[in-house]
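Engineer: First the structure, then my questions, so here it is.
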Amino acid sequence: MSQSLGREDVMTKVREHLSAELEVDQAEISEATRFKDDLDADSLDLYELVMELEDSYGIKVSEEEASRIETVGDAVDFVAGRLRD
Amino acid sequence: MTTVALDGRGAERGAEAIVAGARAAAEAGIGLRVFGDPERLAALTGVGGIEVVAAQEEITNDQEPVAAVRRTPEASIVLAAADVAEGRSDALASAGPTGATMTAALFALRRMHGVRRPALALQLAVPGADGPPGLLLDVGANTEVRSVDLVQFAYLGAAFSQAVLGVERPRVALLSVGEEAKKGTADVVEAHAELAASNGIDFRGNIEGRDLLGGAADVVVTDGFTGNVALKAIEGTARAVAAAVGAAARSNPIAAIGGLMLRPALGGLRRELDPDTTGGAILLGLRGVAVVGHGSSGPEGIANAIRLAVRAVDQRAVERTAALLERSGATRSAMRDRKEPE
């Protein structure tokens, strides 16, 4: 899997998860979308996303790493970076 | 047969209470998968309907629940919750630490579609009242809530009251500092307006703390901080009054005779107020059933927590709650759309 494909795959997964859980249109979710300010998501929503990504990609995200994720792009960057490592 | 995943660790009264409670539930035809230390649960080996599943780790009360649940996949409560999520058991019950139980249930069973925050609901015994106990929620899952959460709690409580407690048309009220619609915090006032305009439930307005045990409502809605304080105040008051009655009855021979005559009636009252009688609180708003037993549950409390979980499964409480939220326009997106019309 190339890096770009990996990143697209992660973005699709994040978008699908957020759309289903937060009941927002997928078209409204971009990399610049902020979880708290734009999606009205709270820490619980973020934990659920993190766990979904952990399960899907077999990675581990620490509490500290999770707390640094503020935008959709941050989440995608984090997972894509782990997949490259 | 309905099967309950039971946390076999963490109960304040030890494995003995879990073993006795599990045996009592199994005798009533309930299937159990008990997660814990096989040695301490050895008395359950060979009991019909019970399977002991080894779980080597335990999450304790002094651990931060979210971090502990995420870092301890072999903990008994985490394995038990996963058992329900993976379909081997139908419901979860635990008398272990409340925070860990709620977190494990939340992460494994997930929130119901359209629910922002799950709520912990407890049946409040109303001494001498006919009918099932009223339901108070939230009693501790969310210390801070928004109006949207209070509105959703009202629907979660109403659906549970109808499905599991058998109240045909539950009367729902908000707990506040006055009966008038404008009394209370901004979120309570906003929730009042939203509920008053709803047609999916029988909303009766605000009630005050003094009316909590008065039977004025079948479902009383509040935030988890207020609900927990109210609950502990009721428990403490009941203990203090019971001690005062006992002291008065022992104060002189004539009072002692009166006390003896009252003993059967007071025994019934004590039983009504005993947390073991209701079995515990239920976490509403998840895609599965999770019962959080009282930390000090004895065998009867544990058996009743298991029975409560089974009733919720058998009465399809989750499915009926989801349907009520959907048809009443009380899902997260429907409420957001009403607030922010395009």
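For the structure tokens, the naming scheme is as follows: chains receive sequential letters (A, B, ...) according to their order of presentation, residues are indexed from 1 within each chain, and ligands are indexed from 1 in presentation order.
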Counting only C-alpha atoms, which residues of chain A fall within 9 Å of chain B, and what is the closest atom pair for each with its distance in Å at one decimal, ordered by chain and rising number, as a Markdown table?
Structural biologist:
| residue | atom | partner | partner_atom | distance |
| --- | --- | --- | --- | --- |
| A:Ala20 | CA | B:His113 | CA | 8.2 |
| A:Glu21 | CA | B:His113 | CA | 6.9 |
| A:Leu22 | CA | B:Gly114 | CA | 7.4 |
| A:Glu23 | CA | B:Ser333 | CA | 5.7 |
| A:Val24 | CA | B:Ser333 | CA | 7.5 |
| A:Leu44 | CA | B:Arg117 | CA | 8.5 |
| A:Asp45 | CA | B:Arg116 | CA | 8.7 |
| A:Tyr47 | CA | B:Phe107 | CA | 8.5 |
| A:Glu48 | CA | B:Phe107 | CA | 7.1 |
| A:Met51 | CA | B:Phe107 | CA | 8.2 |
| A:Ser62 | CA | B:Ala67 | CA | 9.0 |
| A:Glu63 | CA | B:Ala67 | CA | 7.3 |
Engineer: Please run DSSP on the backbone and report, as a ChimeraX atom specification, all residues within stretch 47-271 of chain B that come out as strand (DSSP E).
Structural biologist: /B:50-54,91-94,119-124,134-137,171-175,202-207,219-221
Engineer: Could you list, as an MDAnalysis selection string, every residue within 12 Å of B:Ser198, counting only C-alpha atoms and ignoring same-chain residues fewer than 5 positions away?
Structural biologist: chainID B and resid 151:152 154:155 172 191:193 203:205 325 327:330 335
Engineer: Can I get the selected residues back with all heavy atoms, as a compact mmCIF listing (two decimals), in the first residue's frame?
Structural biologist:
# COMPACT_ATOMS: atom_id res chain seq x y z
N VAL B 151 -32.81 16.28 27.87
CA VAL B 151 -33.96 15.87 27.04
C VAL B 151 -33.82 14.40 26.68
O VAL B 151 -34.77 13.61 26.78
CB VAL B 151 -34.05 16.75 25.77
CG1 VAL B 151 -35.11 16.20 24.82
CG2 VAL B 151 -34.36 18.19 26.15
N GLN B 152 -32.61 14.02 26.27
CA GLN B 152 -32.43 12.60 25.91
C GLN B 152 -32.60 11.69 27.12
O GLN B 152 -33.18 10.60 27.00
CB GLN B 152 -31.05 12.40 25.28
CG GLN B 152 -30.95 13.03 23.89
CD GLN B 152 -29.82 12.44 23.06
OE1 GLN B 152 -28.74 12.15 23.58
NE2 GLN B 152 -30.05 12.27 21.77
N ALA B 154 -34.63 12.10 29.47
CA ALA B 154 -36.07 11.95 29.68
C ALA B 154 -36.62 10.82 28.82
O ALA B 154 -37.41 9.98 29.28
CB ALA B 154 -36.78 13.27 29.35
N TYR B 155 -36.17 10.76 27.58
CA TYR B 155 -36.65 9.70 26.67
C TYR B 155 -36.07 8.34 27.08
O TYR B 155 -36.76 7.32 27.04
CB TYR B 155 -36.28 10.03 25.23
CG TYR B 155 -37.19 11.08 24.64
CD1 TYR B 155 -36.85 12.42 24.67
CD2 TYR B 155 -38.41 10.72 24.08
CE1 TYR B 155 -37.68 13.39 24.15
CE2 TYR B 155 -39.26 11.68 23.56
CZ TYR B 155 -38.89 13.02 23.59
OH TYR B 155 -39.74 13.97 23.09
N VAL B 172 -42.98 12.00 33.37
CA VAL B 172 -41.58 12.40 33.39
C VAL B 172 -41.47 13.82 33.95
O VAL B 172 -42.28 14.70 33.60
CB VAL B 172 -40.98 12.37 31.97
CG1 VAL B 172 -39.52 12.80 31.98
CG2 VAL B 172 -41.12 10.97 31.37
N ALA B 191 -34.14 22.66 28.61
CA ALA B 191 -34.67 21.28 28.49
C ALA B 191 -36.16 21.27 28.79
O ALA B 191 -36.93 20.54 28.14
CB ALA B 191 -33.93 20.35 29.47
N HIS B 192 -36.57 22.07 29.75
CA HIS B 192 -38.00 22.16 30.09
C HIS B 192 -38.80 22.59 28.86
O HIS B 192 -39.84 21.99 28.53
CB HIS B 192 -38.19 23.14 31.25
CG HIS B 192 -39.59 23.17 31.78
ND1 HIS B 192 -40.66 23.66 31.06
CD2 HIS B 192 -40.10 22.77 32.97
CE1 HIS B 192 -41.76 23.56 31.78
NE2 HIS B 192 -41.45 23.02 32.94
N ALA B 193 -38.31 23.62 28.17
CA ALA B 193 -39.02 24.13 27.00
C ALA B 193 -39.10 23.06 25.91
O ALA B 193 -40.15 22.86 25.28
CB ALA B 193 -38.32 25.37 26.47
N PHE B 203 -44.68 14.65 29.77
CA PHE B 203 -43.83 15.53 30.57
C PHE B 203 -44.69 16.34 31.54
O PHE B 203 -45.63 17.02 31.13
CB PHE B 203 -43.03 16.46 29.67
CG PHE B 203 -42.13 17.40 30.43
CD1 PHE B 203 -41.16 16.92 31.30
CD2 PHE B 203 -42.26 18.78 30.28
CE1 PHE B 203 -40.33 17.79 32.00
CE2 PHE B 203 -41.44 19.65 30.98
CZ PHE B 203 -40.48 19.16 31.84
N ARG B 204 -44.35 16.25 32.83
CA ARG B 204 -45.15 16.91 33.87
C ARG B 204 -44.49 18.15 34.45
O ARG B 204 -44.91 18.66 35.47
CB ARG B 204 -45.44 15.91 35.01
CG ARG B 204 -46.23 14.67 34.57
CD ARG B 204 -47.61 15.07 34.09
NE ARG B 204 -48.41 13.92 33.71
CZ ARG B 204 -49.29 13.30 34.51
NH1 ARG B 204 -49.48 13.74 35.74
NH2 ARG B 204 -49.97 12.28 34.06
N GLY B 205 -43.41 18.62 33.85
CA GLY B 205 -42.77 19.84 34.34
C GLY B 205 -41.70 19.56 35.38
O GLY B 205 -41.12 18.47 35.42
N LEU B 325 -36.70 7.16 20.70
CA LEU B 325 -35.86 8.31 20.37
C LEU B 325 -36.07 8.74 18.92
O LEU B 325 -36.20 9.91 18.61
CB LEU B 325 -34.37 7.97 20.59
CG LEU B 325 -33.86 7.94 22.02
CD1 LEU B 325 -32.46 7.34 22.05
CD2 LEU B 325 -33.82 9.34 22.63
N ARG B 327 -38.66 8.03 16.77
CA ARG B 327 -39.97 8.53 16.36
C ARG B 327 -40.34 9.83 17.08
O ARG B 327 -41.21 10.56 16.62
CB ARG B 327 -41.05 7.47 16.56
CG ARG B 327 -41.44 7.16 17.96
CD ARG B 327 -42.69 6.28 18.02
NE ARG B 327 -42.99 5.93 19.39
CZ ARG B 327 -42.59 4.83 19.99
NH1 ARG B 327 -41.88 3.95 19.32
NH2 ARG B 327 -42.90 4.60 21.25
N SER B 328 -39.64 10.15 18.18
CA SER B 328 -39.93 11.38 18.91
C SER B 328 -39.02 12.53 18.48
O SER B 328 -39.11 13.62 19.04
CB SER B 328 -39.78 11.15 20.42
OG SER B 328 -40.58 10.09 20.84
N GLY B 329 -38.14 12.27 17.54
CA GLY B 329 -37.22 13.32 17.11
C GLY B 329 -36.26 13.72 18.21
O GLY B 329 -35.91 14.89 18.35
N ALA B 330 -35.83 12.76 19.01
CA ALA B 330 -34.94 13.07 20.13
C ALA B 330 -33.52 12.56 19.91
O ALA B 330 -32.74 12.48 20.84
CB ALA B 330 -35.50 12.47 21.41
N MET B 335 -32.33 16.85 17.11
CA MET B 335 -32.37 17.97 18.05
C MET B 335 -31.46 19.10 17.57
O MET B 335 -31.78 20.28 17.72
CB MET B 335 -31.99 17.51 19.45
CG MET B 335 -33.07 16.58 20.02
SD MET B 335 -32.65 15.89 21.62
CE MET B 335 -32.67 17.34 22.61
Engineer: Just how far from atom CA of B:Leu284 is atom CA of B:Leu213, in Å to one decimal?
Structural biologist: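 Answer for the atom CA of B:Leu213 to atom CA of B:Leu284 separation: 21.5 Å.
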Engineer: Give me, as a ChimeraX atom specification, all polymer residues having an atom no more than 10 Å from stretch 306-313 of chain B, counting only C-alpha atoms and skipping those fewer than 2 positions away in the same chain.
Structural biologist: /B:1-6,21-22,24-26,28,30-32,90-94,160,163-165,278-282,288-293,300-304,315-319
